[in-house]
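Source file: query_12.cif; contents: mmCIF, C-alpha atoms.
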```cif
data_data
#
loop_
_atom_site.group_PDB
_atom_site.id
_atom_site.type_symbol
_atom_site.label_atom_id
_atom_site.label_comp_id
_atom_site.auth_asym_id
_atom_site.auth_seq_id
_atom_site.Cartn_x
_atom_site.Cartn_y
_atom_site.Cartn_z
ATOM 1 C CA ARG A 132 -83.902 -20.256 -69.367
ATOM 2 C CA GLY A 133 -84.563 -23.272 -67.226
ATOM 3 C CA ALA A 134 -81.706 -22.195 -64.962
ATOM 4 C CA VAL A 135 -83.423 -18.834 -64.401
ATOM 5 C CA ALA A 136 -86.693 -20.571 -63.522
ATOM 6 C CA ASP A 137 -84.882 -22.899 -61.100
ATOM 7 C CA PHE A 138 -83.020 -19.967 -59.541
ATOM 8 C CA LEU A 139 -86.165 -17.874 -59.007
ATOM 9 C CA HIS A 140 -87.886 -20.880 -57.454
ATOM 10 C CA ALA A 141 -84.877 -21.347 -55.147
ATOM 11 C CA VAL A 142 -84.945 -17.650 -54.184
ATOM 12 C CA GLU A 143 -88.613 -17.798 -53.199
ATOM 13 C CA THR A 144 -88.317 -21.101 -51.301
ATOM 14 C CA CYS A 145 -84.868 -20.348 -49.802
ATOM 15 C CA ASP A 146 -83.521 -23.601 -51.244
ATOM 16 C CA SER A 147 -79.773 -23.143 -51.797
ATOM 17 C CA SER A 148 -79.001 -26.774 -52.634
ATOM 18 C CA GLY A 149 -78.761 -26.212 -56.391
ATOM 19 C CA PHE A 150 -76.761 -22.962 -56.367
ATOM 20 C CA MET A 151 -73.601 -21.539 -54.842
ATOM 21 C CA THR A 152 -73.936 -18.161 -53.132
ATOM 22 C CA ILE A 153 -70.849 -16.087 -53.928
ATOM 23 C CA CYS A 154 -71.882 -12.861 -52.216
ATOM 24 C CA GLY A 155 -74.969 -11.337 -50.644
ATOM 25 C CA ASP A 156 -78.222 -13.049 -49.719
ATOM 26 C CA PRO A 157 -80.615 -13.388 -52.676
ATOM 27 C CA PHE A 158 -83.161 -15.516 -50.873
ATOM 28 C CA GLN A 159 -86.680 -14.160 -50.436
ATOM 29 C CA ALA A 160 -85.923 -11.249 -52.787
ATOM 30 C CA LYS A 161 -89.014 -9.796 -54.431
ATOM 31 C CA TYR A 162 -87.579 -8.852 -57.820
ATOM 32 C CA PHE A 163 -85.025 -10.202 -60.261
ATOM 33 C CA VAL A 164 -83.364 -8.095 -62.964
ATOM 34 C CA CYS A 165 -82.545 -10.022 -66.134
ATOM 35 C CA LEU A 166 -79.648 -8.851 -68.326
ATOM 36 C CA ASP A 167 -77.518 -10.205 -71.136
ATOM 37 C CA GLU A 168 -73.759 -10.354 -70.668
ATOM 38 C CA ASP A 169 -73.262 -7.281 -72.879
ATOM 39 C CA THR A 170 -76.145 -5.249 -71.398
ATOM 40 C CA ARG A 171 -75.357 -2.205 -69.253
ATOM 41 C CA PRO A 172 -78.133 -0.531 -67.216
ATOM 42 C CA ASP A 173 -78.292 3.250 -67.189
ATOM 43 C CA ILE A 174 -77.741 5.042 -63.874
ATOM 44 C CA ASP A 175 -80.559 4.269 -61.399
ATOM 45 C CA SER A 176 -82.552 2.453 -64.103
ATOM 46 C CA VAL A 177 -82.707 -0.816 -62.137
ATOM 47 C CA LYS A 178 -83.987 0.951 -59.029
ATOM 48 C CA LYS A 179 -86.589 2.836 -61.056
ATOM 49 C CA LEU A 180 -87.758 -0.310 -62.846
ATOM 50 C CA VAL A 181 -88.378 -1.921 -59.476
ATOM 51 C CA GLY A 182 -90.194 1.268 -58.490
ATOM 52 C CA VAL A 183 -92.539 0.826 -61.450
ATOM 53 C CA LEU A 184 -93.481 -2.671 -60.278
ATOM 54 C CA GLU A 185 -93.774 -1.511 -56.656
ATOM 55 C CA HIS A 186 -96.583 0.904 -57.533
ATOM 56 C CA PRO A 187 -99.839 -0.391 -55.967
ATOM 57 C CA LEU A 188 -101.670 -0.275 -59.313
ATOM 58 C CA ALA A 189 -98.957 -2.459 -60.876
ATOM 59 C CA ALA A 190 -99.431 -5.347 -58.422
ATOM 60 C CA PRO A 191 -100.009 -8.532 -60.469
ATOM 61 C CA VAL A 192 -103.466 -10.111 -60.370
ATOM 62 C CA PHE A 193 -103.835 -13.651 -61.724
ATOM 63 C CA ASN A 194 -106.637 -15.398 -63.558
ATOM 64 C CA PRO A 195 -108.487 -18.080 -61.537
ATOM 65 C CA GLU A 196 -106.255 -20.830 -62.946
ATOM 66 C CA GLY A 197 -103.047 -18.958 -62.051
ATOM 67 C CA THR A 198 -101.779 -19.280 -65.629
ATOM 68 C CA ALA A 199 -101.531 -15.580 -66.532
ATOM 69 C CA VAL A 200 -101.421 -12.069 -65.086
ATOM 70 C CA VAL A 201 -104.666 -10.362 -66.107
ATOM 71 C CA LYS A 202 -104.223 -7.084 -64.245
ATOM 72 C CA GLY A 203 -101.141 -5.210 -63.140
ATOM 73 C CA TYR A 204 -97.686 -6.287 -64.292
ATOM 74 C CA GLY A 205 -95.177 -9.048 -63.626
ATOM 75 C CA ILE A 206 -92.389 -7.530 -65.752
ATOM 76 C CA ALA A 207 -91.096 -3.998 -66.303
ATOM 77 C CA ALA A 208 -89.030 -3.577 -69.485
ATOM 78 C CA PRO A 209 -86.817 -0.554 -70.225
ATOM 79 C CA ARG A 210 -86.000 1.110 -73.522
ATOM 80 C CA ILE A 211 -83.016 -0.600 -75.172
ATOM 81 C CA ASP A 212 -80.392 1.742 -76.615
ATOM 82 C CA VAL A 213 -77.291 0.806 -78.568
ATOM 83 C CA SER A 214 -74.088 1.470 -76.644
ATOM 84 C CA LEU A 215 -71.737 3.960 -78.265
ATOM 85 C CA ASN A 216 -68.716 1.649 -77.995
ATOM 86 C CA SER A 217 -70.586 -1.090 -79.816
ATOM 87 C CA ALA A 218 -71.959 1.224 -82.500
ATOM 88 C CA GLU A 219 -68.530 2.603 -83.411
ATOM 89 C CA LYS A 220 -66.602 -0.656 -83.713
ATOM 90 C CA ASN A 221 -66.629 -0.895 -87.498
ATOM 91 C CA MET A 222 -68.473 0.138 -90.646
ATOM 92 C CA PHE A 223 -71.077 -2.612 -90.268
ATOM 93 C CA THR A 224 -72.028 -1.624 -86.715
ATOM 94 C CA ARG A 225 -72.270 2.027 -87.756
ATOM 95 C CA ILE A 226 -74.680 1.073 -90.543
ATOM 96 C CA ILE A 227 -77.094 -0.956 -88.394
ATOM 97 C CA SER A 228 -76.949 1.227 -85.262
ATOM 98 C CA GLY A 229 -78.944 4.298 -84.410
ATOM 99 C CA LEU A 230 -81.429 6.229 -86.490
ATOM 100 C CA GLY A 231 -81.706 5.125 -90.064
ATOM 101 C CA GLY A 232 -80.353 1.648 -89.377
ATOM 102 C CA VAL A 233 -82.230 -1.627 -89.419
ATOM 103 C CA GLU A 234 -81.232 -2.773 -85.922
ATOM 104 C CA MET A 235 -84.386 -3.689 -83.958
ATOM 105 C CA TYR A 236 -83.281 -1.785 -80.881
ATOM 106 C CA GLY A 237 -83.423 1.500 -82.755
ATOM 107 C CA THR A 238 -84.132 3.504 -79.580
ATOM 108 C CA PRO A 239 -87.945 3.252 -79.556
ATOM 109 C CA PHE A 240 -89.214 5.856 -77.105
ATOM 110 C CA PHE A 241 -92.769 4.571 -77.298
ATOM 111 C CA SER A 242 -94.632 1.317 -77.779
ATOM 112 C CA ILE A 243 -97.842 1.122 -79.789
ATOM 113 C CA TYR A 244 -98.957 -1.858 -77.711
ATOM 114 C CA GLN A 245 -98.267 -0.020 -74.450
ATOM 115 C CA ASP A 246 -99.970 3.187 -75.571
ATOM 116 C CA LEU A 247 -103.078 1.516 -76.986
ATOM 117 C CA PHE A 248 -103.505 -1.631 -74.905
ATOM 118 C CA GLY A 249 -101.493 -1.054 -71.721
ATOM 119 C CA GLU A 250 -98.953 -3.819 -72.316
ATOM 120 C CA GLY A 251 -95.484 -3.779 -73.841
ATOM 121 C CA ILE A 252 -93.171 -6.378 -75.366
ATOM 122 C CA PHE A 253 -90.498 -8.058 -73.251
ATOM 123 C CA SER A 254 -87.163 -8.479 -75.046
ATOM 124 C CA GLY A 255 -85.417 -10.398 -72.266
ATOM 125 C CA LYS A 256 -84.059 -7.451 -70.288
ATOM 126 C CA GLY A 257 -85.898 -5.953 -67.348
ATOM 127 C CA ALA A 258 -87.241 -6.420 -63.834
ATOM 128 C CA ILE A 259 -89.275 -9.534 -63.042
ATOM 129 C CA HIS A 260 -91.671 -10.045 -60.137
ATOM 130 C CA ILE A 261 -90.358 -13.323 -58.713
ATOM 131 C CA ALA A 262 -93.574 -14.553 -57.092
ATOM 132 C CA ALA A 263 -95.539 -13.842 -60.282
ATOM 133 C CA PHE A 264 -92.926 -15.647 -62.379
ATOM 134 C CA ASN A 265 -93.013 -18.723 -60.156
ATOM 135 C CA THR A 266 -96.812 -18.763 -60.108
ATOM 136 C CA VAL A 267 -97.279 -18.534 -63.879
ATOM 137 C CA ILE A 268 -94.095 -19.618 -65.690
ATOM 138 C CA LYS A 269 -92.783 -22.440 -63.507
ATOM 139 C CA GLY A 270 -93.695 -25.663 -65.310
ATOM 140 C CA LEU A 271 -95.551 -23.858 -68.101
ATOM 141 C CA PHE A 272 -93.268 -24.343 -71.098
ATOM 142 C CA PRO A 273 -92.321 -27.762 -72.532
ATOM 143 C CA LYS A 274 -88.607 -28.434 -72.057
ATOM 144 C CA GLY A 275 -86.449 -27.946 -75.142
ATOM 145 C CA LYS A 276 -89.317 -26.634 -77.277
ATOM 146 C CA VAL A 277 -89.296 -22.898 -76.553
ATOM 147 C CA LEU A 278 -86.309 -21.034 -77.946
ATOM 148 C CA SER A 279 -87.772 -17.519 -78.010
ATOM 149 C CA HIS A 280 -89.173 -17.280 -74.492
ATOM 150 C CA ASP A 281 -89.030 -13.505 -73.971
ATOM 151 C CA ILE A 282 -92.210 -12.520 -75.793
ATOM 152 C CA LEU A 283 -94.072 -15.404 -74.148
ATOM 153 C CA GLU A 284 -92.967 -14.447 -70.645
ATOM 154 C CA GLY A 285 -93.973 -10.849 -71.328
ATOM 155 C CA SER A 286 -97.374 -12.016 -72.552
ATOM 156 C CA PHE A 287 -98.140 -14.437 -69.723
ATOM 157 C CA LEU A 288 -96.855 -12.080 -67.012
ATOM 158 C CA ASN A 289 -98.058 -8.823 -68.629
ATOM 159 C CA CYS A 290 -95.127 -6.509 -69.348
ATOM 160 C CA VAL A 291 -95.092 -2.744 -68.856
ATOM 161 C CA PHE A 292 -92.783 -0.749 -71.137
ATOM 162 C CA ALA A 293 -90.936 2.009 -69.222
ATOM 163 C CA SER A 294 -89.869 4.254 -72.085
ATOM 164 C CA ASP A 295 -88.031 6.782 -69.891
ATOM 165 C CA LEU A 296 -85.626 4.144 -68.524
ATOM 166 C CA SER A 297 -82.877 2.641 -70.644
ATOM 167 C CA PHE A 298 -80.420 -0.243 -70.815
ATOM 168 C CA PHE A 299 -77.511 -0.159 -73.250
ATOM 169 C CA ASP A 300 -76.932 -3.167 -75.458
ATOM 170 C CA SER A 301 -74.394 -4.073 -78.125
ATOM 171 C CA VAL A 302 -75.062 -4.939 -81.766
ATOM 172 C CA PRO A 303 -73.588 -7.764 -83.884
ATOM 173 C CA GLU A 304 -70.088 -6.941 -85.112
ATOM 174 C CA SER A 305 -70.369 -8.658 -88.489
ATOM 175 C CA ILE A 306 -72.904 -9.785 -91.059
ATOM 176 C CA LEU A 307 -72.266 -13.390 -89.963
ATOM 177 C CA THR A 308 -73.173 -12.841 -86.297
ATOM 178 C CA TYR A 309 -76.081 -10.642 -87.405
ATOM 179 C CA THR A 310 -77.437 -13.423 -89.627
ATOM 180 C CA LYS A 311 -76.932 -16.095 -86.949
ATOM 181 C CA ARG A 312 -78.873 -13.999 -84.449
ATOM 182 C CA ASN A 313 -81.722 -13.486 -86.912
ATOM 183 C CA HIS A 314 -81.783 -17.206 -87.675
ATOM 184 C CA ARG A 315 -82.131 -17.960 -83.968
ATOM 185 C CA TRP A 316 -84.921 -15.393 -83.629
ATOM 186 C CA ILE A 317 -86.786 -16.741 -86.667
ATOM 187 C CA ARG A 318 -86.640 -20.316 -85.335
ATOM 188 C CA GLY A 319 -87.917 -19.155 -81.956
ATOM 189 C CA ASP A 320 -90.778 -17.129 -83.374
ATOM 190 C CA TRP A 321 -91.970 -20.009 -85.561
ATOM 191 C CA GLN A 322 -91.848 -22.338 -82.547
ATOM 192 C CA ASN A 323 -94.148 -19.906 -80.712
ATOM 193 C CA ILE A 324 -96.893 -20.332 -83.314
ATOM 194 C CA ARG A 325 -98.374 -23.044 -81.085
ATOM 195 C CA TYR A 326 -99.361 -20.301 -78.605
ATOM 196 C CA LEU A 327 -101.842 -18.880 -81.106
ATOM 197 C CA PHE A 328 -104.208 -21.823 -80.580
ATOM 198 C CA ARG A 329 -106.945 -22.325 -77.991
ATOM 199 C CA THR A 330 -105.048 -24.926 -75.953
ATOM 200 C CA ILE A 331 -101.368 -25.274 -75.062
ATOM 201 C CA LYS A 332 -99.227 -27.996 -73.517
ATOM 202 C CA THR A 333 -97.389 -27.525 -70.228
ATOM 203 C CA GLU A 334 -94.022 -28.978 -69.199
ATOM 204 C CA ASN A 335 -95.604 -32.245 -68.074
ATOM 205 C CA GLY A 336 -97.643 -32.608 -71.289
ATOM 206 C CA GLU A 337 -100.962 -31.502 -69.798
ATOM 207 C CA LYS A 338 -103.258 -29.560 -72.123
ATOM 208 C CA ILE A 339 -104.666 -26.335 -70.677
ATOM 209 C CA LYS A 340 -106.715 -23.457 -72.032
ATOM 210 C CA ASN A 341 -104.522 -20.786 -73.599
ATOM 211 C CA PRO A 342 -104.942 -17.710 -71.352
ATOM 212 C CA LEU A 343 -103.243 -15.243 -73.724
ATOM 213 C CA SER A 344 -105.272 -12.249 -74.832
ATOM 214 C CA ALA A 345 -105.978 -11.427 -78.474
ATOM 215 C CA VAL A 346 -103.379 -8.642 -78.270
ATOM 216 C CA SER A 347 -100.700 -11.008 -76.966
ATOM 217 C CA LYS A 348 -101.468 -13.517 -79.699
ATOM 218 C CA TYR A 349 -101.225 -10.786 -82.308
ATOM 219 C CA LYS A 350 -97.764 -9.809 -81.017
ATOM 220 C CA ILE A 351 -96.601 -13.382 -81.539
ATOM 221 C CA PHE A 352 -98.158 -13.479 -85.010
ATOM 222 C CA ASP A 353 -96.725 -10.062 -85.895
ATOM 223 C CA ASN A 354 -93.156 -11.227 -85.237
ATOM 224 C CA ILE A 355 -93.661 -14.034 -87.767
ATOM 225 C CA ARG A 356 -95.324 -11.659 -90.226
ATOM 226 C CA MET A 357 -92.414 -9.212 -90.060
ATOM 227 C CA PHE A 358 -89.887 -11.946 -90.827
ATOM 228 C CA CYS A 359 -91.961 -13.011 -93.823
ATOM 229 C CA THR A 360 -92.395 -9.498 -95.246
ATOM 230 C CA ARG A 361 -89.134 -7.661 -94.471
ATOM 231 C CA THR A 362 -86.314 -8.096 -96.962
ATOM 232 C CA ASP A 363 -83.633 -7.837 -94.249
ATOM 233 C CA GLY A 364 -85.151 -10.670 -92.186
ATOM 234 C CA GLN A 365 -85.309 -8.385 -89.169
ATOM 235 C CA ARG A 366 -87.975 -7.757 -86.575
ATOM 236 C CA GLY A 367 -89.595 -4.349 -86.707
#
```

Write-out of the structure in structure tokens:
Amino acid sequence: RGAVADFLHAVETCDSSGFMTICGDPFQAKYFVCLDEDTRPDIDSVKKLVGVLEHPLAAPVFNPEGTAVVKGYGIAAPRIDVSLNSAEKNMFTRIISGLGGVEMYGTPFFSIYQDLFGEGIFSGKGAIHIAAFNTVIKGLFPKGKVLSHDILEGSFLNCVFASDLSFFDSVPESILTYTKRNHRWIRGDWQNIRYLFRTIKTENGEKIKNPLSAVSKYKIFDNIRMFCTRTDGQRG
């Protein structure tokens, strides 16, 4: 994730020394869309996600310290659906995909957090406001100590869940890759327990007041709780 932070800083400052431009001109762009290698956006979903963040009421407003977005949004996250090709690869993928499965991306068309508190959960795919990211996230996380950064970025930048827009993602093809992914998620969520406390450490070791809301802290805690209570070791 450090490469993403460096890239977004380079885009805003027009510093091309650390990157090679293959095509186009990314410098001074306003938004960045983050995808995994196996993620496929639905038609016009990227444009519409940017449209969500472009709405005047969605403009990010920072706290006085510039350590969190307290009003508006810095990230717009789509609904994540399982791609048909991935779901039909074998018996295992058919079991964990779609309705009735235990795959976390079970096509949620709503978010309790979004409906009740006006903020969703960022799962690593979506549109990011570059200036907001550089203001809040740059230099915030200690290097090598944050494995599961998505939920933290969504909490610090305030994420809006756009349930009518979708990206298509693949699912693990075997029980081994499924278990490895869950192991990585569990490690990351336990590392994030430090963000439940009143103070946090930045990249340079400085202690600052934790700006996360009670709702954001509960989302971090809830991920750990689900791993401890679900027999399949899967997030909800």

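The shortest atom-to-atom distance to Lys179 in chain A, with all atoms listed in the file taken into account, belongs to A:Asp295 out of A:Asp295, A:Glu284, A:Lys274, A:Thr224.
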
For CA of Lys332 in chain A and CA of Leu166 in chain A, quote the distance in Å rounded to one decimal.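 Distance reported for this atom pair: 27.9 Å.
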
Interface rows for range 293-345 of chain A against range 191-213 of chain A: nearest pair, Å to one decimal, 7 Å, only C-alpha atoms, as JSON lines:
```
{"residue": "A:Ala293", "atom": "CA", "partner": "A:Pro209", "partner_atom": "CA", "distance": 5.0}
{"residue": "A:Ser294", "atom": "CA", "partner": "A:Arg210", "partner_atom": "CA", "distance": 5.2}
{"residue": "A:Leu296", "atom": "CA", "partner": "A:Pro209", "partner_atom": "CA", "distance": 5.1}
{"residue": "A:Ser297", "atom": "CA", "partner": "A:Arg210", "partner_atom": "CA", "distance": 4.5}
{"residue": "A:Phe298", "atom": "CA", "partner": "A:Ile211", "partner_atom": "CA", "distance": 5.1}
{"residue": "A:Phe299", "atom": "CA", "partner": "A:Asp212", "partner_atom": "CA", "distance": 4.8}
{"residue": "A:Asp300", "atom": "CA", "partner": "A:Val213", "partner_atom": "CA", "distance": 5.1}
{"residue": "A:Ser301", "atom": "CA", "partner": "A:Val213", "partner_atom": "CA", "distance": 5.7}
{"residue": "A:Val302", "atom": "CA", "partner": "A:Val213", "partner_atom": "CA", "distance": 6.9}
{"residue": "A:Pro342", "atom": "CA", "partner": "A:Ala199", "partner_atom": "CA", "distance": 6.3}
```

Just how far from CA of Asp281 in chain A is CA of Asp353 in chain A, in Å to one decimal? 14.6 Å

Target residues per the PyMOL selection byres ((chain A and resi 138-152) around 10), formatted as an mmCIF file with C-alpha atoms, in the coordinates of the input:
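Once written, result_8.cif looks like this:
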```cif
data_model
loop_
_atom_site.group_PDB
_atom_site.id
_atom_site.type_symbol
_atom_site.label_atom_id
_atom_site.label_comp_id
_atom_site.auth_asym_id
_atom_site.auth_seq_id
_atom_site.Cartn_x
_atom_site.Cartn_y
_atom_site.Cartn_z
ATOM 1 C CA ARG A 132 -83.902 -20.256 -69.367
ATOM 2 C CA GLY A 133 -84.563 -23.272 -67.226
ATOM 3 C CA ALA A 134 -81.706 -22.195 -64.962
ATOM 4 C CA VAL A 135 -83.423 -18.834 -64.401
ATOM 5 C CA ALA A 136 -86.693 -20.571 -63.522
ATOM 6 C CA ASP A 137 -84.882 -22.899 -61.100
ATOM 7 C CA ILE A 153 -70.849 -16.087 -53.928
ATOM 8 C CA CYS A 154 -71.882 -12.861 -52.216
ATOM 9 C CA GLY A 155 -74.969 -11.337 -50.644
ATOM 10 C CA ASP A 156 -78.222 -13.049 -49.719
ATOM 11 C CA PRO A 157 -80.615 -13.388 -52.676
ATOM 12 C CA PHE A 158 -83.161 -15.516 -50.873
ATOM 13 C CA GLN A 159 -86.680 -14.160 -50.436
ATOM 14 C CA ALA A 160 -85.923 -11.249 -52.787
ATOM 15 C CA LYS A 161 -89.014 -9.796 -54.431
ATOM 16 C CA TYR A 162 -87.579 -8.852 -57.820
ATOM 17 C CA PHE A 163 -85.025 -10.202 -60.261
ATOM 18 C CA ILE A 259 -89.275 -9.534 -63.042
ATOM 19 C CA HIS A 260 -91.671 -10.045 -60.137
ATOM 20 C CA ILE A 261 -90.358 -13.323 -58.713
ATOM 21 C CA ALA A 262 -93.574 -14.553 -57.092
ATOM 22 C CA PHE A 264 -92.926 -15.647 -62.379
ATOM 23 C CA ASN A 265 -93.013 -18.723 -60.156
ATOM 24 C CA THR A 266 -96.812 -18.763 -60.108
ATOM 25 C CA LYS A 269 -92.783 -22.440 -63.507
#
```

Report the distance between CA of Gly182 in chain A and CA of Phe287 in chain A in Å, rounded to one decimal place. 20.9 Å

A:Leu307, A:Ile317, A:Ile226, A:Ala189: which is nearest Cys290 in chain A, counting all atoms listed in the file?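 Looking at the shortest contact to Cys290 in chain A, the residue is A:Ala189.
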
What would the selection look like, as a tab-separated table (two decimals) with C-alpha atoms, keeping the file's coordinate frame, if the PyMOL selection byres ((chain A and resi 329) around 12) were run on the coordinates I just shared?
```tsv
chain	number	residue	atom	x	y	z
A	324	ILE	CA	-96.89	-20.33	-83.31
A	325	ARG	CA	-98.37	-23.04	-81.08
A	326	TYR	CA	-99.36	-20.30	-78.60
A	327	LEU	CA	-101.84	-18.88	-81.11
A	328	PHE	CA	-104.21	-21.82	-80.58
A	330	THR	CA	-105.05	-24.93	-75.95
A	331	ILE	CA	-101.37	-25.27	-75.06
A	332	LYS	CA	-99.23	-28.00	-73.52
A	338	LYS	CA	-103.26	-29.56	-72.12
A	339	ILE	CA	-104.67	-26.34	-70.68
A	340	LYS	CA	-106.72	-23.46	-72.03
A	341	ASN	CA	-104.52	-20.79	-73.60
A	342	PRO	CA	-104.94	-17.71	-71.35
A	343	LEU	CA	-103.24	-15.24	-73.72
A	344	SER	CA	-105.27	-12.25	-74.83
A	345	ALA	CA	-105.98	-11.43	-78.47
A	348	LYS	CA	-101.47	-13.52	-79.70
```

So, counting all atoms listed in the file, which residue among A:Ile243, A:Asn216, A:Thr360, A:Arg171 is closest to Gly257 in chain A?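 Nearest candidate to Gly257 in chain A out of A:Ile243, A:Asn216, A:Thr360, A:Arg171: A:Arg171.
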
Assuming the chain letters and numbering stay as they are in my file, what does the PyMOL selection byres ((chain A and resi 352) around 10) actually select? List them as a ChimeraX atom specification. /A:320-321,323-324,326-327,346-351,353-357

Restricting it to C-alpha atoms, dump the selection as a PDB file, keeping the file's coordinate frame.
```
ATOM      1  CA  ASP A 320     -90.778 -17.129 -83.374  1.00  0.00           C
ATOM      2  CA  TRP A 321     -91.970 -20.009 -85.561  1.00  0.00           C
ATOM      3  CA  ASN A 323     -94.148 -19.906 -80.712  1.00  0.00           C
ATOM      4  CA  ILE A 324     -96.893 -20.332 -83.314  1.00  0.00           C
ATOM      5  CA  TYR A 326     -99.361 -20.301 -78.605  1.00  0.00           C
ATOM      6  CA  LEU A 327    -101.842 -18.880 -81.106  1.00  0.00           C
ATOM      7  CA  VAL A 346    -103.379  -8.642 -78.270  1.00  0.00           C
ATOM      8  CA  SER A 347    -100.700 -11.008 -76.966  1.00  0.00           C
ATOM      9  CA  LYS A 348    -101.468 -13.517 -79.699  1.00  0.00           C
ATOM     10  CA  TYR A 349    -101.225 -10.786 -82.308  1.00  0.00           C
ATOM     11  CA  LYS A 350     -97.764  -9.809 -81.017  1.00  0.00           C
ATOM     12  CA  ILE A 351     -96.601 -13.382 -81.539  1.00  0.00           C
ATOM     13  CA  ASP A 353     -96.725 -10.062 -85.895  1.00  0.00           C
ATOM     14  CA  ASN A 354     -93.156 -11.227 -85.237  1.00  0.00           C
ATOM     15  CA  ILE A 355     -93.661 -14.034 -87.767  1.00  0.00           C
ATOM     16  CA  ARG A 356     -95.324 -11.659 -90.226  1.00  0.00           C
ATOM     17  CA  MET A 357     -92.414  -9.212 -90.060  1.00  0.00           C
TER      18      MET A 357
END
```

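When the distance limit is 8 Å and all atoms listed in the file are what count, the residues near Ser279 in chain A, minus those fewer than 2 positions from it on the same chain, are Val277, Asp281, Ile282, Leu283, Trp316, Arg318, Gly319, Asp320, Gln322 and Asn323 of chain A.
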
Taking all atoms of range 248-260 of chain A that the file lists, what box with edges along x, y and z, padded by 4 Å per side, do you get, with centre and edge lengths in Å to one decimal, as lines of an AutoDock Vina configuration file?
```
center_x = -93.8
center_y = -5.7
center_z = -67.8
size_x = 27.4
size_y = 17.3
size_z = 23.2
```

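Take the candidates A:Pro303, A:Pro273, A:Pro187, A:Gly251 and check each one against Phe223 in chain A using only C-alpha atoms; the shortest distance goes to A:Pro303.
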
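Residue nearest Arg225 in chain A, chosen from A:Asn289, A:Gln245, A:Ser176, A:Ser305 and counting all atoms listed in the file: A:Ser305.
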